[in-house]
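File shown here: my_file-v5.txt, holding compact mmCIF, C-alpha atoms.
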```
# COMPACT_ATOMS: atom_id res chain seq x y z
CA MET A 1 81.04 122.84 105.16
CA ARG A 2 83.92 123.14 107.60
CA LEU A 3 84.89 119.54 106.83
CA ARG A 4 85.16 120.40 103.11
CA ASN A 5 87.39 123.39 103.91
CA GLU A 6 89.67 121.18 105.98
CA LEU A 7 89.78 118.62 103.18
CA ALA A 8 90.84 121.29 100.69
CA LEU A 9 93.87 122.03 102.88
CA LEU A 10 95.04 118.43 102.90
CA PRO A 11 97.14 117.26 99.96
CA LYS A 12 95.06 115.37 97.39
CA SER A 13 95.64 111.64 97.21
CA PRO A 14 97.34 110.92 93.90
CA LEU A 15 95.52 108.40 91.72
CA LEU A 16 96.62 106.39 88.71
CA ILE A 17 95.10 107.55 85.43
CA THR A 18 93.09 104.35 85.33
CA GLU A 19 91.54 105.05 88.75
CA THR A 20 88.54 107.33 89.24
CA ALA A 21 88.35 110.21 91.70
CA ASP A 22 84.63 109.51 92.25
CA GLU A 23 85.36 106.03 93.59
CA PHE A 24 88.05 107.43 95.88
CA ASP A 25 85.65 110.12 97.15
CA ALA A 26 82.99 107.45 97.79
CA LEU A 27 85.47 105.44 99.85
CA ARG A 28 86.48 108.55 101.82
CA ASP A 29 82.82 109.48 102.42
CA ALA A 30 82.21 105.96 103.75
CA PHE A 31 85.11 106.32 106.21
CA GLU A 32 83.98 109.80 107.22
CA GLY A 33 80.51 108.38 107.85
CA GLU A 34 81.95 105.73 110.14
CA ILE A 35 84.64 107.70 111.98
CA LYS A 36 82.90 111.10 111.97
CA PRO A 37 86.13 113.12 112.17
CA GLN A 38 86.17 116.31 114.24
CA GLY A 39 88.82 118.87 113.37
CA ILE A 40 91.74 118.86 110.99
CA ILE A 41 93.84 116.25 112.81
CA GLU A 42 91.12 113.63 112.80
CA GLN A 43 90.38 114.57 109.20
CA MET A 44 94.07 114.02 108.45
CA TYR A 45 93.89 110.51 109.89
CA VAL A 46 90.72 109.66 107.95
CA HIS A 47 92.44 110.88 104.78
CA ASP A 48 95.44 108.71 105.62
CA ILE A 49 93.31 105.61 106.34
CA CYS A 50 91.43 106.14 103.08
CA SER A 51 94.67 106.48 101.05
CA ILE A 52 96.07 103.32 102.67
CA VAL A 53 92.90 101.31 101.99
CA TRP A 54 92.91 102.58 98.39
CA GLU A 55 96.47 101.35 97.97
CA ILE A 56 95.61 98.00 99.57
CA LEU A 57 92.80 97.58 97.02
CA ARG A 58 95.19 98.54 94.21
CA LEU A 59 97.79 95.98 95.29
CA ARG A 60 95.17 93.26 95.77
CA ARG A 61 93.95 93.86 92.20
CA CYS A 62 97.54 93.66 91.06
CA LYS A 63 98.03 90.36 92.89
CA VAL A 64 95.08 88.77 91.09
CA VAL A 65 96.31 90.01 87.71
CA ILE A 66 99.84 88.71 88.36
CA ILE A 67 98.48 85.21 89.10
CA ASN A 68 96.15 85.33 86.09
CA SER A 69 99.01 86.45 83.83
CA ALA A 70 101.06 83.46 84.90
CA PHE A 71 98.18 81.08 84.21
CA ARG A 72 99.05 80.26 80.61
CA SER A 73 102.70 79.46 81.24
CA ALA A 74 101.66 77.53 84.37
CA LEU A 75 99.20 75.46 82.33
CA GLU A 76 101.92 74.77 79.77
CA GLY A 77 104.26 73.63 82.54
CA VAL A 78 101.68 71.35 84.15
CA LEU A 79 100.71 69.85 80.77
CA MET A 80 104.38 69.23 79.89
CA GLN A 81 104.65 67.20 83.08
CA LEU A 82 101.40 65.29 82.60
CA LEU A 83 101.67 64.58 78.88
CA ARG A 84 105.24 63.28 79.08
CA GLU A 85 105.48 59.59 78.26
CA PRO A 86 107.88 57.46 80.32
CA GLY A 87 111.36 57.80 78.86
CA GLN A 88 110.48 60.98 76.96
CA TYR A 89 112.69 64.03 77.54
CA ALA A 90 111.05 66.83 79.48
CA HIS A 91 112.29 69.35 76.90
CA SER A 92 111.16 67.44 73.83
CA THR A 93 110.03 69.81 71.06
CA HIS A 94 107.00 67.68 70.24
CA LEU A 95 105.90 67.68 73.87
CA GLY A 96 106.51 71.41 74.12
CA ASN A 97 104.44 72.15 71.00
CA GLN A 98 101.61 69.90 72.16
CA ALA A 99 101.45 71.54 75.61
CA GLN A 100 101.71 75.02 74.10
CA ALA A 101 98.86 74.40 71.63
CA LEU A 102 96.61 72.90 74.29
CA ALA A 103 97.36 75.70 76.78
CA HIS A 104 96.58 78.30 74.10
CA ALA A 105 93.31 76.59 73.14
CA TRP A 106 92.26 76.15 76.80
CA PHE A 107 91.26 79.83 77.02
CA THR A 108 88.91 79.77 74.01
CA ASP A 109 88.05 76.19 73.07
CA LYS A 110 85.62 74.15 75.22
CA GLU A 111 86.93 70.92 73.75
CA ALA A 112 90.49 71.81 74.77
CA LYS A 113 89.29 72.70 78.27
CA LYS A 114 87.62 69.28 78.52
CA GLN A 115 90.79 67.57 77.30
CA VAL A 116 92.88 69.39 79.93
CA SER A 117 90.37 68.43 82.67
CA GLU A 118 90.54 64.80 81.60
CA THR A 119 94.33 64.85 81.58
CA LEU A 120 94.36 66.38 85.05
CA SER A 121 91.82 63.92 86.46
CA ARG A 122 93.92 60.98 85.20
CA PHE A 123 96.44 62.05 87.85
CA ASP A 124 93.79 62.89 90.47
CA LEU A 125 94.30 66.58 89.87
CA ASP A 126 91.96 69.45 89.03
CA GLU A 127 92.28 73.07 87.87
CA SER A 128 93.63 74.13 91.25
CA ALA A 129 96.90 72.45 90.20
CA ILE A 130 97.22 75.08 87.44
CA GLU A 131 96.47 77.87 89.90
CA ALA A 132 99.03 76.49 92.33
CA GLU A 133 101.65 76.41 89.58
CA ALA A 134 100.75 80.00 88.55
CA ILE A 135 101.21 81.12 92.18
CA ARG A 136 104.50 79.19 92.41
CA ARG A 137 105.80 80.86 89.24
CA SER A 138 104.97 84.37 90.47
CA SER A 139 105.93 83.72 94.09
CA SER A 140 108.78 86.26 94.22
CA ASP A 141 106.46 89.09 93.08
CA LEU A 142 103.65 87.85 95.32
CA GLU A 143 105.98 87.76 98.30
CA LEU A 144 106.96 91.40 97.77
CA LEU A 145 103.31 92.35 97.30
CA ASP A 146 102.36 90.48 100.47
CA ARG A 147 105.01 92.30 102.47
CA MET A 148 103.74 95.62 101.18
CA LEU A 149 100.14 94.64 101.93
CA ALA A 150 101.08 93.56 105.46
CA SER A 151 102.90 96.85 105.98
CA LEU A 152 99.91 98.85 104.71
CA GLU A 153 97.46 96.88 106.82
CA SER A 154 99.52 97.45 109.94
CA ARG A 155 99.68 101.18 109.14
CA ARG A 156 95.91 101.32 108.59
CA ASN A 157 95.32 99.68 111.97
CA LYS A 158 97.80 102.02 113.61
CA ALA A 159 96.10 105.06 112.06
CA LEU A 160 92.73 103.84 113.38
CA GLY A 161 94.32 103.43 116.80
CA CYS A 162 95.78 106.93 116.54
CA VAL A 163 92.31 108.44 115.99
CA ALA A 164 91.11 106.75 119.18
CA GLU A 165 94.26 107.79 121.05
CA TYR A 166 93.95 111.38 119.84
CA ARG A 167 90.30 111.51 120.90
CA ALA A 168 91.13 110.07 124.31
CA SER A 169 93.97 112.54 124.80
CA LEU A 170 91.77 115.43 123.66
CA ALA A 171 89.00 114.29 126.01
CA HIS A 172 91.50 114.12 128.87
CA GLN A 173 92.70 117.62 128.06
CA LEU A 174 89.14 118.93 127.93
CA ARG A 175 88.32 117.22 131.25
CA GLU A 176 91.34 118.88 132.85
CA SER A 177 90.28 122.27 131.48
CA ALA A 178 86.75 121.70 132.76
CA ASP A 179 88.12 120.74 136.19
CA ARG A 180 90.21 123.91 136.28
CA ILE A 181 87.11 125.95 135.46
CA ILE A 182 85.06 124.13 138.13
CA ASP A 183 87.86 124.60 140.69
CA GLY A 184 87.77 128.24 139.75
CA LYS A 185 91.45 128.60 139.03
CA ASP A 186 90.96 130.20 135.65
CA VAL A 187 87.68 132.03 136.15
CA LEU A 188 86.26 134.53 138.58
CA ARG A 189 84.78 132.79 141.60
CA LEU A 190 81.05 133.35 141.80
CA GLU A 191 79.74 134.17 145.23
CA PRO A 192 77.21 131.66 146.63
CA ALA A 193 73.67 132.92 146.34
CA SER A 194 73.08 132.51 150.13
CA SER A 195 75.93 134.88 151.02
CA LYS A 196 74.39 137.68 149.02
CA LYS A 197 72.99 140.39 151.25
CA PRO A 198 69.30 140.94 150.80
CA THR A 199 68.59 144.21 149.17
CA ALA A 200 66.33 146.63 150.83
CA ALA A 201 62.83 146.60 149.55
CA MET B 1 141.57 103.25 120.66
CA ALA B 2 143.23 102.68 117.27
CA SER B 3 147.00 103.03 117.12
CA HIS B 4 148.82 105.31 114.64
CA GLN B 5 149.72 102.23 112.57
CA GLN B 6 146.10 101.12 112.49
CA ILE B 7 144.89 104.58 111.46
CA ALA B 8 147.50 104.71 108.70
CA ALA B 9 146.49 101.22 107.51
CA ASN B 10 142.82 102.24 107.48
CA ARG B 11 143.66 105.29 105.38
CA ARG B 12 145.70 103.20 102.94
CA ASN B 13 142.86 100.68 102.60
CA ALA B 14 140.30 103.44 102.15
CA ARG B 15 142.31 104.83 99.22
CA LYS B 16 142.00 101.45 97.51
CA SER B 17 138.20 101.74 97.54
CA THR B 18 137.23 103.37 94.28
CA GLY B 19 133.51 102.75 94.35
CA PRO B 20 131.44 100.06 92.70
CA HIS B 21 132.92 98.14 89.75
CA SER B 22 130.09 95.93 88.57
CA GLY B 23 127.25 97.22 86.40
CA ALA B 24 124.72 96.43 89.09
CA GLY B 25 126.81 98.20 91.75
CA LYS B 26 127.18 101.32 89.62
CA LYS B 27 123.47 101.32 88.89
CA ARG B 28 122.69 101.06 92.60
CA ALA B 29 125.15 103.82 93.46
CA SER B 30 123.68 106.07 90.77
CA ARG B 31 120.42 106.04 92.75
CA ASN B 32 122.07 107.36 95.92
CA ALA B 33 121.18 110.96 95.17
CA TYR B 34 117.61 109.98 94.40
CA ARG B 35 117.37 108.18 97.72
CA HIS B 36 118.80 111.12 99.61
CA GLY B 37 116.51 113.44 97.66
CA LEU B 38 113.53 111.87 99.32
CA ARG B 39 115.06 112.30 102.74
CA SER B 40 115.60 116.01 102.23
CA SER B 41 113.10 118.37 103.79
CA ILE B 42 110.28 119.64 101.63
CA THR B 43 110.27 123.07 103.24
CA SER B 44 112.99 124.12 100.80
CA SER B 45 110.34 124.31 98.08
CA ALA B 46 108.40 127.60 97.97
CA GLY B 47 105.10 126.02 96.91
CA PHE B 48 105.18 123.65 99.84
CA ALA B 49 106.06 126.43 102.30
CA LYS B 50 102.76 128.17 101.52
CA GLN B 51 100.78 124.95 101.82
CA LEU B 52 102.60 124.18 105.05
CA ASP B 53 101.73 127.56 106.58
CA LYS B 54 98.04 127.12 105.74
CA LEU B 55 97.96 123.67 107.30
CA VAL B 56 99.80 124.89 110.41
CA ARG B 57 97.21 127.67 110.82
CA GLU B 58 94.36 125.19 110.44
CA ILE B 59 95.86 122.89 113.09
CA ALA B 60 96.89 125.55 115.60
CA GLY B 61 94.03 128.00 115.01
CA ASP B 62 94.57 131.62 115.99
CA THR B 63 97.09 130.88 118.72
CA LYS B 64 100.20 133.00 119.07
CA ASP B 65 101.86 130.43 121.33
CA ALA B 66 105.20 129.73 119.63
CA ILE B 67 105.51 126.23 121.13
CA LEU B 68 102.05 125.21 119.94
CA LEU B 69 102.77 126.63 116.49
CA GLU B 70 106.03 124.69 116.30
CA ARG B 71 104.25 121.46 117.28
CA ALA B 72 101.56 122.10 114.65
CA ARG B 73 104.32 122.70 112.11
CA ALA B 74 105.82 119.28 112.86
CA ILE B 75 102.45 117.62 112.21
CA ALA B 76 101.88 119.54 108.97
CA GLN B 77 105.40 118.87 107.72
CA ALA B 78 105.07 115.12 108.28
CA GLU B 79 101.66 115.12 106.59
CA LEU B 80 103.03 116.84 103.49
CA GLU B 81 106.03 114.51 103.49
CA LEU B 82 103.60 111.59 103.48
CA ALA B 83 101.74 113.09 100.55
CA ARG B 84 105.01 113.54 98.68
CA VAL B 85 106.00 109.89 99.02
CA ARG B 86 102.54 108.88 97.78
CA ARG B 87 102.90 111.13 94.75
CA VAL B 88 106.32 109.61 93.97
CA LYS B 89 104.86 106.09 94.18
CA VAL B 90 102.07 106.89 91.73
CA ALA B 91 104.48 108.71 89.39
CA LEU B 92 106.77 105.66 89.27
CA ILE B 93 103.88 103.34 88.41
CA GLU B 94 102.65 105.74 85.71
CA ARG B 95 106.13 105.95 84.19
CA ALA B 96 106.55 102.19 84.17
CA SER B 97 103.10 101.88 82.61
CA ALA B 98 104.05 104.30 79.82
CA PHE B 99 107.61 103.12 79.10
CA GLY B 100 107.68 99.58 80.44
CA GLU B 101 110.54 100.34 82.83
CA LEU B 102 112.11 103.20 84.78
CA ASP B 103 115.50 103.28 83.07
CA PRO B 104 115.86 104.07 79.36
CA PRO B 105 116.78 101.04 77.23
CA GLN B 106 120.55 100.49 77.07
CA ALA B 107 122.37 99.29 73.96
CA PHE B 108 124.93 97.54 76.18
CA SER B 109 124.11 95.72 79.37
CA SER B 110 127.74 95.36 80.52
CA VAL B 111 131.26 96.79 80.08
CA THR B 112 132.32 93.44 78.55
CA GLN B 113 129.91 94.01 75.67
CA ILE B 114 131.46 97.43 74.97
CA ILE B 115 134.99 95.96 75.08
CA ARG B 116 133.98 93.22 72.62
CA LEU B 117 132.59 95.86 70.26
CA LEU B 118 135.79 97.96 70.48
CA ASN B 119 137.92 94.84 69.88
CA ALA B 120 135.86 94.05 66.80
CA ILE B 121 136.47 97.60 65.49
CA ASP B 122 140.23 97.18 66.21
CA ARG B 123 140.28 94.01 64.16
CA GLY B 124 138.74 95.94 61.28
CA ARG B 125 135.36 94.26 61.45
CA VAL B 126 132.18 96.22 61.13
CA PRO B 127 130.30 95.33 64.29
CA SER B 128 126.55 95.07 64.46
CA PHE B 129 125.11 97.25 67.19
CA PRO B 130 122.62 95.40 69.36
CA GLU B 131 119.10 96.75 69.15
CA PRO B 132 117.99 98.19 72.51
CA VAL B 133 115.11 96.22 73.97
CA ASP B 134 111.89 98.21 73.99
CA SER B 135 110.32 97.32 77.34
CA SER B 136 107.04 99.06 76.54
CA ALA B 137 106.49 96.51 73.75
CA THR B 138 106.26 93.77 76.37
CA MET B 139 103.59 95.60 78.38
CA PRO B 140 99.99 94.35 78.17
CA SER B 141 97.83 96.71 76.13
CA GLN B 142 94.64 96.31 78.15
CA GLU B 143 93.74 97.57 81.62
CA PRO B 144 93.91 96.48 84.44
CA ASP B 145 96.67 94.17 83.21
CA ARG B 146 98.86 97.08 82.15
CA SER B 147 98.74 98.86 85.52
CA ALA B 148 99.30 95.57 87.34
CA GLU B 149 102.32 94.79 85.19
CA ALA B 150 103.66 98.32 85.78
CA ILE B 151 103.29 97.81 89.55
CA ARG B 152 105.01 94.42 89.27
CA ARG B 153 107.97 95.99 87.44
CA VAL B 154 108.50 98.72 90.05
CA LEU B 155 107.82 96.54 93.11
CA PRO B 156 111.39 96.82 94.53
CA GLU B 157 111.21 100.63 94.28
CA LEU B 158 107.74 100.70 95.84
CA ARG B 159 108.99 98.57 98.71
CA LYS B 160 111.80 101.08 99.38
CA LEU B 161 109.35 104.00 99.24
CA ASP B 162 107.13 102.15 101.69
CA ARG B 163 109.87 102.57 104.30
CA TYR B 164 109.92 106.36 103.78
CA GLU B 165 106.15 106.42 104.03
CA ARG B 166 106.20 104.49 107.30
CA ARG B 167 108.79 106.87 108.69
CA ALA B 168 106.78 109.96 107.71
CA ALA B 169 103.61 108.45 109.22
CA ALA B 170 105.45 107.63 112.46
CA GLN B 171 106.79 111.19 112.62
CA ARG B 172 103.28 112.58 112.14
CA ASP B 173 101.84 110.27 114.83
CA ARG B 174 104.54 111.30 117.31
CA ALA B 175 103.96 114.97 116.50
CA VAL B 176 100.19 114.58 117.08
CA LEU B 177 100.77 112.91 120.45
CA PHE B 178 103.22 115.64 121.43
CA TYR B 179 100.77 118.35 120.30
CA ASN B 180 98.15 117.18 122.77
CA SER B 181 100.54 116.48 125.64
```
Show how you would write the structure in this file as structure tokens.
Amino acid sequence: MRLRNELALLPKSPLLITETADEFDALRDAFEGEIKPQGIIEQMYVHDICSIVWEILRLRRCKVVIINSAFRSALEGVLMQLLREPGQYAHSTHLGNQAQALAHAWFTDKEAKKQVSETLSRFDLDESAIEAEAIRRSSSDLELLDRMLASLESRRNKALGCVAEYRASLAHQLRESADRIIDGKDVLRLEPASSKKPTAA
Amino acid sequence: MASHQQIAANRRNARKSTGPHSGAGKKRASRNAYRHGLRSSITSSAGFAKQLDKLVREIAGDTKDAILLERARAIAQAELELARVRRVKVALIERASAFGELDPPQAFSSVTQIIRLLNAIDRGRVPSFPEPVDSSATMPSQEPDRSAEAIRRVLPELRKLDRYERRAAAQRDRAVLFYNS
């Protein structure tokens, strides 16, 4: 109950309209289950870790979509290179149309897919050549995404380290307080039982 | 130490600097206020002040110790700052998803284009105004492609915001360490 009250005080993690709050809550519950935060500061860190992981997942999804979006133009590019006859210009309209039609059909037509596979295998290539070209074409975006992912991952690790550091520092503080109490600096010293004078019967 | 002549020369040279000239430079400079806006403290907003006080109380408990309260305030302030940067990031992606880009479509992409148009008017020709490009038309209609494309289009802005986020997180971490010391 106290945990929920603390959570209400922390600013809500903003989500895109296409993302669901339930999934975010499930992720946070999983982290809370693992870290078992005590107090608002630890709760703050768990909230932070959860937001970072959520963003990492968002960017990873984006990365996949960026590569997939470049797939068609990558296929066209690879086909242009493979279908070109010796002496034919790379920018020939006929070649361009042929590659474009085949790349378009590749997504829906099994026969076209087979034809592309055959063309690739003639040059000892397979579909990974298309993927590689798609990655090459979107490399500037992927590089930026990778930097952001690396930055987020380092922050997630740091936040996890901070929870441990905070707990260690809190434990140290509590130990010191306990020592002060045991040493009797902060509390009234209790007289040893043996020094008590026996009361008259 | 600079001589009087050097100081005078520096002043003369400084007067020659009249800001950015290129379209890209002007665009970059126009974002200066926005950049500084993020650096400004959030405590100036009344809504945040209330939220801040509640968070400070939760961190510090019932203590009346002014030093402890001030340390708790530093943690809470950094935490809210972090939340603000995250909100800005999501808002930028949402805007790019809705409109295709962050800036409204421009009829002219450079000063040269405007000059050409004015010259055409001077020569008595009726110029044809270029149609502004509608960036939202080039956005994928289906999800998750649309969100991914929106993220791709605002990647440079997100990268800049990432630096603010890191700074806010580092401030919060330092404040937490200091709180327990």
Would you mind listing what lies within 10 Å of Arg167 of chain A as a PDB file with C-alpha atoms, in the frame of the given file, with only C-alpha atoms counted and same-chain residues fewer than 4 positions away left out?
```
ATOM      1  CA  PRO A  37      86.130 113.120 112.170  1.00  0.00           C
ATOM      2  CA  GLN A  38      86.170 116.310 114.240  1.00  0.00           C
ATOM      3  CA  GLU A  42      91.120 113.630 112.800  1.00  0.00           C
ATOM      4  CA  GLY A 161      94.320 103.430 116.800  1.00  0.00           C
ATOM      5  CA  CYS A 162      95.780 106.930 116.540  1.00  0.00           C
ATOM      6  CA  VAL A 163      92.310 108.440 115.990  1.00  0.00           C
ATOM      7  CA  ALA A 171      89.000 114.290 126.010  1.00  0.00           C
ATOM      8  CA  HIS A 172      91.500 114.120 128.870  1.00  0.00           C
ATOM      9  CA  GLN A 173      92.700 117.620 128.060  1.00  0.00           C
TER      10      GLN A 173
ATOM     11  CA  ASN B 180      98.150 117.180 122.770  1.00  0.00           C
TER      12      ASN B 180
END
```
Fill in: Neighbour list for Leu83 of chain A as JSON, numbers by chain, cut-off 10 Å, all atoms listed in the file, skip fewer than 2 positions in-chain
{"A": [78, 79, 80, 81, 85, 86, 88, 90, 95, 96, 98, 99, 119, 120]}
Item to complete: May I have the residues of chain B within 9 Å of chain A, counting all atoms listed in the file, written as a VMD selection string?
Response: chain B and resid 51 54 to 55 58 to 59 75 79 to 80 82 to 84 86 to 87 89 to 91 93 to 94 143 to 145 147 to 149 151 to 152 155 to 156 158 to 159 162 166 169 173 176 to 177 180 to 181
Worksheet item: Hey, can you check how far atom CA of Val154 of chain B sits from atom CA of Ala134 of chain A?
Response: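 Separating atom CA of Val154 of chain B from atom CA of Ala134 of chain A is a distance of 20.3 Å.
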Emit as JSON the padded axis-aligned box for all listed atoms of segment 135-145 of chain B, 6 Å per side, with centre and edge lengths in Å to one decimal.
```
{"center_x": 102.0, "center_y": 96.4, "center_z": 79.1, "size_x": 28.6, "size_y": 17.3, "size_z": 22.7}
```
Worksheet item: So how many Å separate atom CA of Val56 of chain B and atom CA of Val46 of chain A, to one decimal?
Response: 17.9 Å
Worksheet item: Restricting the calculation to only C-alpha atoms, which member of A:Leu75, A:Leu174, A:Ala8, A:Ala101 is positioned closest to Asp126 of chain A?
Response: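 Of all the options, A:Leu75 lies closest to Asp126 of chain A.
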Discussion item. To one decimal place in Å, what is the distance between atom CA of Ile67 of chain B and atom CA of Val85 of chain B?
Written reply: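 If I compute the distance from atom CA of Ile67 of chain B to atom CA of Val85 of chain B, I get 27.5 Å.
The shell of residues at most 8 Å from Ala168 of chain B, with all atoms listed in the file counted and near chain neighbours (fewer than 2 positions) removed, consists of Ala78, Glu79, Glu81, Leu82, Tyr164, Glu165, Arg166, Ala170, Gln171 and Arg172 of chain B.
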Selection file, C-alpha atoms, as a short mmCIF file (atom, residue, chain, number, x, y, z; two decimals), in the coordinates of the input:
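The result, written out as part_27.cif:
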```cif
data_model
loop_
_atom_site.label_atom_id
_atom_site.label_comp_id
_atom_site.auth_asym_id
_atom_site.auth_seq_id
_atom_site.Cartn_x
_atom_site.Cartn_y
_atom_site.Cartn_z
CA ALA B 78 105.07 115.12 108.28
CA GLU B 79 101.66 115.12 106.59
CA GLU B 81 106.03 114.51 103.49
CA LEU B 82 103.60 111.59 103.48
CA TYR B 164 109.92 106.36 103.78
CA GLU B 165 106.15 106.42 104.03
CA ARG B 166 106.20 104.49 107.30
CA ALA B 170 105.45 107.63 112.46
CA GLN B 171 106.79 111.19 112.62
CA ARG B 172 103.28 112.58 112.14
#
```
From the coordinates supplied, segment 87-120 of chain A should be written with C-alpha atoms, as a compact mmCIF listing (two decimals), in the first residue's frame.
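Saved result, selection_37.txt, follows:
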```
# COMPACT_ATOMS: atom_id res chain seq x y z
CA GLY A 87 28.41 -3.50 -70.87
CA GLN A 88 24.94 -2.45 -69.71
CA TYR A 89 24.63 0.91 -67.94
CA ALA A 90 23.86 0.68 -64.25
CA HIS A 91 21.13 3.31 -64.65
CA SER A 92 19.44 1.74 -67.66
CA THR A 93 15.67 2.29 -67.57
CA HIS A 94 14.96 -1.29 -68.64
CA LEU A 95 17.16 -2.65 -65.87
CA GLY A 96 15.58 -0.29 -63.36
CA ASN A 97 12.04 -1.33 -64.32
CA GLN A 98 12.93 -5.01 -64.21
CA ALA A 99 14.50 -4.74 -60.74
CA GLN A 100 11.63 -2.59 -59.47
CA ALA A 101 8.97 -5.06 -60.68
CA LEU A 102 10.80 -8.05 -59.23
CA ALA A 103 11.42 -6.30 -55.90
CA HIS A 104 7.73 -5.35 -55.69
CA ALA A 105 6.59 -8.89 -56.51
CA TRP A 106 9.07 -10.45 -54.03
CA PHE A 107 6.84 -9.48 -51.09
CA THR A 108 3.68 -11.18 -52.43
CA ASP A 109 4.57 -13.60 -55.23
CA LYS A 110 6.23 -16.95 -54.42
CA GLU A 111 7.44 -17.28 -57.99
CA ALA A 112 9.19 -13.90 -57.79
CA LYS A 113 10.77 -14.90 -54.48
CA LYS A 114 12.10 -18.07 -56.11
CA GLN A 115 13.45 -16.06 -59.05
CA VAL A 116 15.27 -13.67 -56.69
CA SER A 117 16.74 -16.62 -54.74
CA GLU A 118 18.00 -18.17 -57.97
CA THR A 119 19.53 -14.89 -59.10
CA LEU A 120 21.26 -14.51 -55.74
```
